[in-house]
Every structure is written in C-alpha cells, then in structure tokens.
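Data first, discussion second: the structure below is written as structure tokens.
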Amino acid sequence: MLFTDLGLSEPILRAIAEEGYTSPTPIQAKSIPAVLQGGDLLAAAQTGTGKTAGFTLPILQRLSSTKASTGKRLLRVLILTPTRELAAQVQESVVTYGKYTGLKSTVIFGGVGANPQIKAIAGGLDILVATPGRLLDLMSQKCVSLSHIEILVLDEADRMLDMGFLRDIKKILAALPKQRQNLLFSATFSTEIKALADSLLNSPALIEVARSNSANEAIAQLIHPVDRTKKHPLLAHLIQTNNWKQVLVFTRTKHGANKLVTQLEKDGITSMAIHGNKSQTARTKALADFKAGKLTALVATDIAARGIDIDQLPHVVNYDLPNVSEDYVHRIGRTGRAGSNGVAVSLVCVDEHQMLRDIEKVIKQKIPQEVIAGFEPDPHAVAQPIQLRSQQHQQSRKPKAAGNSGGAGRAPAKRSSPPKRSFNR
C-alpha cells in the first residue's frame, strides 16, 4: 500500500514525499482511513510504530477539506499529550506534513513563559497541541476557547493516566462541544484505558497493530547479572569496549540519573541527564546534543524520555529496571525503530530479580542472560527493598500544579537520511 492509496490530498502527499516516504506503517494504513470516516477511534500501538502520523495526517486532510462553520479561523482540533517532549514531537509532525495546507497550529506546555503561547493562540489557530496542566492554566485565564473543537486526540492516554492526569482530562472534556470526533491512542489496552474509552468514545473503530505489551522483534534483548555496586563500572565497560556511540540509559530516580552522569563523565564518557528537575534550557540542550552525536550517553527517567523520537538509536540500557513492568516495553521501544535493529541491555542486580520475573511475564518471553567476565555477581548477595509499584502509583496520583506537565519542549532534530518506504512517526 502507498500513501497515494489513502485519500490524502496533493499538498499533504507532497509534504510526505519531501520527507522521503511512500508507504504507511501498519498503524497508519489502518488509522488514516478510520479517522477520515469521521467516527471515534480507539487505537493501540507500540512506541515507534508511527501512530503520531496515524492521526496527524488524516486530521490535516479533514481540516483542509472542510471550512469552519463561521468562515473564520477557529480552533477545531485539540491534541492532548502527557509530556512536553511528546507535545513537541506531535507539533513537528503537524508542521512538517501540513506545510502546504495553510493550516495554523501551535504547541503549549508548562516550564516556559506563557505569553508567547497566549499570543500564538490569540493570532488564530486551527490545531492546538497541549499538555493538560498548561492548557487548564490558560483556560482559567480565558486565553483559549474550546467551544469549536471538532476533533479531540488523547495521545499516549495510558501514560496520562499513569501520571495522574485523569482529573485534568475530565475538566478539559467538560469544556468541549458534545458533538465531536474522539481519537484515543494508547500503547496498551489496560483496564483503566478501557474504562476511559467507554466513557469517552461513541461506537469507536478498534485498531491494535501489535500484541499488547509485546516487545518489538527488531530489538535484541539481553540481561547482564551484576552486583548493584558494579553497575556503573559495567556500564562504562560496555560502552568503551564495544565502542558504543549513542546510548539511552534509564535510571529509576532523578538523583540516580545525576549521580550516573557524574560517574560516566569521570570515565571520559560524555553524558547528560534529562528529567523533571532539569531546567527547560538544560533539557533542550541535552536532547539536542544527544541527537547531534555530541553525547555518548543520555541518562533519563521514564517520564522525561517519553516522546524522545530518534530513528536508528542503536542502544538502550536499563541501568535500573522499571518499577512498573509495562514501562520496560516503552523503554526498549526507543530503539529498533524505522526498520532498523536495536539492542536493549538490562543490568540486573539481586534486588531486581522479582522485577525481572514480572517483566518476563508481561512480555511473555524469557530474556537471555550473559554474565560479563570480571563483573560476576556475588551468589551470596542479599536483596534489599526497592520502592514498590503501589508507592510509585500513589505518588503519580498526587495533584500537580497547573502548567507542570513534565517533559521538555524542543522538537526533535530532523534525521539526515529518512527511510524511503515507511516511517515511524
């Protein structure tokens, strides 16, 4: 199947062709016709399958082929995302593929000044990409009206629920017209997502392009058993002996990310951290430098890494296993994208053996293990307690100040050589 078979207009097809693409990914091939039909949609797709374009392309088509009822430029589409990084990625997709349509869009999120965002909204928009906190903040100031919204998108809805945004989402939904098209995209169909879908969607089309919580087959997974005190030396050893040039490393905590960066820098490995306590400037610089190849290691927490979109990222390392088993799939999904292969390595100490069993139960497979010479784990080591999932879950449900939606706000850098047949945005 080609993009030319999907009913997209010449201006949109021209923009797609300029990016070097001709064929849609499976989620795009299924979701584009469904969105164009105008009905509600519930779609599940793994990270890196191209779901962003799965809704931005048909939305651009629908808006460019129909005018607002008043003839004026009115805000007709609202796209909600959980983090700044993802919001910036979605906005980049809208701008890239809508550049010949004449449609206007902007992105708003917390952590930066609101005045430029308010000015952009006041100038007239067709599409608004937003994180829930900043949107509610501007709504309370009467700076944005949602009274003419025709299409609502909840992107990575599972992550929004994990981050405690359900109350914010309900406030936003209350301000929308009752007659609208609703598109809900999620990595998994959890019980919570199904409940949200039941309350939000009207006889939706259902799309699922991969088995829930399954790992991308293009990703080679490997466990290195190691003592907790030897994780940093082992990571440095792997990077240096294998001559890894670009590694995304996940830690469980912000403090752990900062500490690891300090240790890696002492080893001569260029690295920076990206997490919620970092300033907007620091996060933007870290992500830009990593994409440009100026950093060997980008050390991230789960929420900060959501929305990082880097084609052909070769290596992901779980320095700490995630508290929530499903997050393992999201983490390793940063690699093995756009038709390329990737490697996901996890450094597992005795404290994390139960976490590993839980992860293998979720992905329905045993992950191969390899002990690295010189880093053999102590067979008599005793496990120490790690923060439980329930504790993390309670913390994620704590109320958030308006505008503090997490994530950084820089659109991903353009890749130098896009694939020619399909794309994963």
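Chain identifiers are assigned as A, B, and so on, following the order in which chains appear in the structure tokens; residues are numbered from 1 within each chain, and ligands are numbered from 1 in order of appearance.
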Write out as a ChimeraX atom specification all residues of segment 188-401 of chain A that DSSP puts in helix (DSSP H, G or I) for this structure's backbone.
/A:191-200,228-241,254-266,280-291,302-305,327-332,350-363,389-396
With DSSP run on the backbone, what are the strand (DSSP E or B) residues within segment 189-299 of chain A? I'd like them as an NGL selection string.
:A and (205-208 or 219-225 or 247-250 or 271-274 or 297-299)
Could you write out that same residue set with N, CA and C atoms as a PDB file, in the first residue's frame?
ATOM      1  N   ALA A 205     -14.135   2.706  16.204  1.00  0.00           N
ATOM      2  CA  ALA A 205     -13.376   1.702  15.471  1.00  0.00           C
ATOM      3  C   ALA A 205     -12.237   1.266  16.382  1.00  0.00           C
ATOM      4  N   LEU A 206     -11.878  -0.001  16.325  1.00  0.00           N
ATOM      5  CA  LEU A 206     -10.845  -0.551  17.208  1.00  0.00           C
ATOM      6  C   LEU A 206      -9.671  -1.028  16.369  1.00  0.00           C
ATOM      7  N   ILE A 207      -8.475  -0.499  16.677  1.00  0.00           N
ATOM      8  CA  ILE A 207      -7.272  -0.870  15.934  1.00  0.00           C
ATOM      9  C   ILE A 207      -6.204  -1.297  16.927  1.00  0.00           C
ATOM     10  N   GLU A 208      -5.605  -2.440  16.695  1.00  0.00           N
ATOM     11  CA  GLU A 208      -4.482  -2.903  17.510  1.00  0.00           C
ATOM     12  C   GLU A 208      -3.492  -3.564  16.575  1.00  0.00           C
ATOM     13  N   ILE A 219      14.265  -5.733  18.198  1.00  0.00           N
ATOM     14  CA  ILE A 219      15.119  -5.381  19.341  1.00  0.00           C
ATOM     15  C   ILE A 219      15.691  -6.643  19.961  1.00  0.00           C
ATOM     16  N   ALA A 220      17.024  -6.731  20.004  1.00  0.00           N
ATOM     17  CA  ALA A 220      17.699  -7.836  20.680  1.00  0.00           C
ATOM     18  C   ALA A 220      17.798  -7.491  22.165  1.00  0.00           C
ATOM     19  N   GLN A 221      17.199  -8.331  23.019  1.00  0.00           N
ATOM     20  CA  GLN A 221      17.179  -8.065  24.457  1.00  0.00           C
ATOM     21  C   GLN A 221      18.198  -8.951  25.169  1.00  0.00           C
ATOM     22  N   LEU A 222      18.850  -8.376  26.188  1.00  0.00           N
ATOM     23  CA  LEU A 222      19.887  -9.112  26.901  1.00  0.00           C
ATOM     24  C   LEU A 222      19.957  -8.637  28.346  1.00  0.00           C
ATOM     25  N   ILE A 223      20.128  -9.596  29.272  1.00  0.00           N
ATOM     26  CA  ILE A 223      20.307  -9.282  30.690  1.00  0.00           C
ATOM     27  C   ILE A 223      21.757  -9.540  31.075  1.00  0.00           C
ATOM     28  N   HIS A 224      22.372  -8.586  31.782  1.00  0.00           N
ATOM     29  CA  HIS A 224      23.686  -8.801  32.374  1.00  0.00           C
ATOM     30  C   HIS A 224      23.523  -8.811  33.889  1.00  0.00           C
ATOM     31  N   PRO A 225      23.551  -9.985  34.540  1.00  0.00           N
ATOM     32  CA  PRO A 225      23.504 -10.022  36.001  1.00  0.00           C
ATOM     33  C   PRO A 225      24.753  -9.367  36.587  1.00  0.00           C
ATOM     34  N   VAL A 247      23.896   5.951  23.373  1.00  0.00           N
ATOM     35  CA  VAL A 247      23.239   5.059  24.318  1.00  0.00           C
ATOM     36  C   VAL A 247      22.226   5.849  25.145  1.00  0.00           C
ATOM     37  N   LEU A 248      20.986   5.398  25.143  1.00  0.00           N
ATOM     38  CA  LEU A 248      19.967   5.975  26.025  1.00  0.00           C
ATOM     39  C   LEU A 248      19.891   5.093  27.257  1.00  0.00           C
ATOM     40  N   VAL A 249      20.172   5.689  28.433  1.00  0.00           N
ATOM     41  CA  VAL A 249      20.265   4.937  29.687  1.00  0.00           C
ATOM     42  C   VAL A 249      19.109   5.341  30.610  1.00  0.00           C
ATOM     43  N   PHE A 250      18.402   4.349  31.142  1.00  0.00           N
ATOM     44  CA  PHE A 250      17.282   4.627  32.042  1.00  0.00           C
ATOM     45  C   PHE A 250      17.656   4.344  33.487  1.00  0.00           C
ATOM     46  N   SER A 271      28.179  12.642  28.709  1.00  0.00           N
ATOM     47  CA  SER A 271      26.806  12.291  29.070  1.00  0.00           C
ATOM     48  C   SER A 271      26.103  13.461  29.724  1.00  0.00           C
ATOM     49  N   MET A 272      24.794  13.461  29.645  1.00  0.00           N
ATOM     50  CA  MET A 272      23.944  14.438  30.316  1.00  0.00           C
ATOM     51  C   MET A 272      22.680  13.737  30.771  1.00  0.00           C
ATOM     52  N   ALA A 273      22.011  14.348  31.762  1.00  0.00           N
ATOM     53  CA  ALA A 273      20.771  13.779  32.286  1.00  0.00           C
ATOM     54  C   ALA A 273      19.580  14.587  31.809  1.00  0.00           C
ATOM     55  N   ILE A 274      18.434  13.908  31.691  1.00  0.00           N
ATOM     56  CA  ILE A 274      17.196  14.581  31.337  1.00  0.00           C
ATOM     57  C   ILE A 274      16.096  14.048  32.252  1.00  0.00           C
ATOM     58  N   ALA A 297      26.110   9.236  26.013  1.00  0.00           N
ATOM     59  CA  ALA A 297      25.032   8.702  26.840  1.00  0.00           C
ATOM     60  C   ALA A 297      24.061   9.796  27.250  1.00  0.00           C
ATOM     61  N   LEU A 298      22.779   9.524  27.065  1.00  0.00           N
ATOM     62  CA  LEU A 298      21.718  10.380  27.596  1.00  0.00           C
ATOM     63  C   LEU A 298      21.038   9.573  28.692  1.00  0.00           C
ATOM     64  N   VAL A 299      21.120  10.072  29.925  1.00  0.00           N
ATOM     65  CA  VAL A 299      20.583   9.352  31.082  1.00  0.00           C
ATOM     66  C   VAL A 299      19.227   9.954  31.429  1.00  0.00           C
TER      67      VAL A 299
END
Which residues come within 12 Å of Ile12 of chain A, counting only C-alpha atoms, excluding same-chain residues fewer than 4 positions away, as a ChimeraX atom specification?
/A:3-4,6-8,16-19,21,53,56-65,93-103
The distance between atom CA of Gln354 of chain A and atom CA of Ala373 of chain A is 24.0 Å
Please provide as a list in words all residues within 12 Å of Lys294 of chain A, with the sequence filter that same-chain residues fewer than 6 positions apart are discarded (counting only C-alpha atoms).
Lys245, Gln246, Val247, Ile269, Thr270, Ser271, Met272, Lys285, Ala286, Leu287 and Ala288 of chain A
Store the residues picked out above in a file with all heavy atoms, as an mmCIF file, in the first residue's frame.
data_model
loop_
_atom_site.group_PDB
_atom_site.id
_atom_site.type_symbol
_atom_site.label_atom_id
_atom_site.label_comp_id
_atom_site.auth_asym_id
_atom_site.auth_seq_id
_atom_site.Cartn_x
_atom_site.Cartn_y
_atom_site.Cartn_z
ATOM 1 N N LYS A 245 28.409 4.489 20.489
ATOM 2 C CA LYS A 245 28.454 5.922 20.211
ATOM 3 C C LYS A 245 27.220 6.673 20.707
ATOM 4 O O LYS A 245 27.264 7.882 20.936
ATOM 5 C CB LYS A 245 28.597 6.158 18.701
ATOM 6 C CG LYS A 245 29.866 5.578 18.099
ATOM 7 C CD LYS A 245 31.112 6.218 18.693
ATOM 8 C CE LYS A 245 32.369 5.717 17.991
ATOM 9 N NZ LYS A 245 33.590 6.280 18.599
ATOM 10 N N GLN A 246 26.110 5.959 20.856
ATOM 11 C CA GLN A 246 24.858 6.616 21.237
ATOM 12 C C GLN A 246 24.031 5.641 22.078
ATOM 13 O O GLN A 246 23.535 4.636 21.581
ATOM 14 C CB GLN A 246 24.072 7.048 19.990
ATOM 15 C CG GLN A 246 22.963 8.048 20.278
ATOM 16 C CD GLN A 246 22.269 8.495 18.999
ATOM 17 O OE1 GLN A 246 22.004 7.681 18.116
ATOM 18 N NE2 GLN A 246 21.960 9.772 18.899
ATOM 19 N N VAL A 247 23.896 5.951 23.373
ATOM 20 C CA VAL A 247 23.239 5.059 24.318
ATOM 21 C C VAL A 247 22.226 5.849 25.145
ATOM 22 O O VAL A 247 22.582 6.859 25.775
ATOM 23 C CB VAL A 247 24.257 4.396 25.277
ATOM 24 C CG1 VAL A 247 23.570 3.301 26.089
ATOM 25 C CG2 VAL A 247 25.452 3.858 24.528
ATOM 26 N N ILE A 269 33.308 9.517 29.422
ATOM 27 C CA ILE A 269 32.152 9.245 28.566
ATOM 28 C C ILE A 269 31.222 10.446 28.615
ATOM 29 O O ILE A 269 30.645 10.750 29.670
ATOM 30 C CB ILE A 269 31.409 7.975 29.031
ATOM 31 C CG1 ILE A 269 32.343 6.760 28.941
ATOM 32 C CG2 ILE A 269 30.148 7.756 28.202
ATOM 33 C CD1 ILE A 269 31.783 5.507 29.603
ATOM 34 N N THR A 270 31.094 11.154 27.524
ATOM 35 C CA THR A 270 30.255 12.355 27.505
ATOM 36 C C THR A 270 28.803 11.980 27.747
ATOM 37 O O THR A 270 28.250 11.106 27.082
ATOM 38 C CB THR A 270 30.372 13.094 26.161
ATOM 39 O OG1 THR A 270 30.059 12.185 25.094
ATOM 40 C CG2 THR A 270 31.772 13.644 25.969
ATOM 41 N N SER A 271 28.179 12.642 28.709
ATOM 42 C CA SER A 271 26.806 12.291 29.070
ATOM 43 C C SER A 271 26.103 13.461 29.724
ATOM 44 O O SER A 271 26.747 14.357 30.277
ATOM 45 C CB SER A 271 26.790 11.072 30.004
ATOM 46 O OG SER A 271 27.532 11.334 31.181
ATOM 47 N N MET A 272 24.794 13.461 29.645
ATOM 48 C CA MET A 272 23.944 14.438 30.316
ATOM 49 C C MET A 272 22.680 13.737 30.771
ATOM 50 O O MET A 272 22.307 12.689 30.239
ATOM 51 C CB MET A 272 23.597 15.614 29.393
ATOM 52 C CG MET A 272 24.777 16.507 29.034
ATOM 53 S SD MET A 272 24.318 17.933 28.001
ATOM 54 C CE MET A 272 23.491 18.960 29.224
ATOM 55 N N LYS A 285 18.997 21.306 25.635
ATOM 56 C CA LYS A 285 20.385 21.130 25.197
ATOM 57 C C LYS A 285 20.795 19.664 25.234
ATOM 58 O O LYS A 285 21.436 19.166 24.300
ATOM 59 C CB LYS A 285 21.321 21.955 26.087
ATOM 60 C CG LYS A 285 22.802 21.747 25.754
ATOM 61 C CD LYS A 285 23.709 22.681 26.528
ATOM 62 C CE LYS A 285 25.176 22.332 26.333
ATOM 63 N NZ LYS A 285 25.561 22.232 24.917
ATOM 64 N N ALA A 286 20.418 18.954 26.303
ATOM 65 C CA ALA A 286 20.790 17.543 26.415
ATOM 66 C C ALA A 286 20.227 16.729 25.261
ATOM 67 O O ALA A 286 20.935 15.932 24.638
ATOM 68 C CB ALA A 286 20.312 16.982 27.753
ATOM 69 N N LEU A 287 18.964 16.940 24.960
ATOM 70 C CA LEU A 287 18.323 16.177 23.890
ATOM 71 C C LEU A 287 18.908 16.533 22.532
ATOM 72 O O LEU A 287 19.192 15.654 21.703
ATOM 73 C CB LEU A 287 16.816 16.439 23.908
ATOM 74 C CG LEU A 287 15.955 15.575 22.979
ATOM 75 C CD1 LEU A 287 16.205 14.096 23.237
ATOM 76 C CD2 LEU A 287 14.487 15.917 23.162
ATOM 77 N N ALA A 288 19.140 17.820 22.301
ATOM 78 C CA ALA A 288 19.700 18.253 21.014
ATOM 79 C C ALA A 288 21.117 17.720 20.827
ATOM 80 O O ALA A 288 21.483 17.246 19.745
ATOM 81 C CB ALA A 288 19.682 19.775 20.925
#
A:Lys231, A:Lys30, A:His275, A:Arg180 ranked by distance to Ser346 of chain A, top pick (using only C-alpha atoms)
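Of A:Lys231, A:Lys30, A:His275, A:Arg180, the one nearest Ser346 of chain A, counting only C-alpha atoms, is A:Lys231.
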Which residue, A:Leu260, A:Gly268, A:Asp378, A:Val343, has the smallest gap to Gln240 of chain A when you use only C-alpha atoms?
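With only C-alpha atoms as the atom set, the closest residue is A:Gly268.
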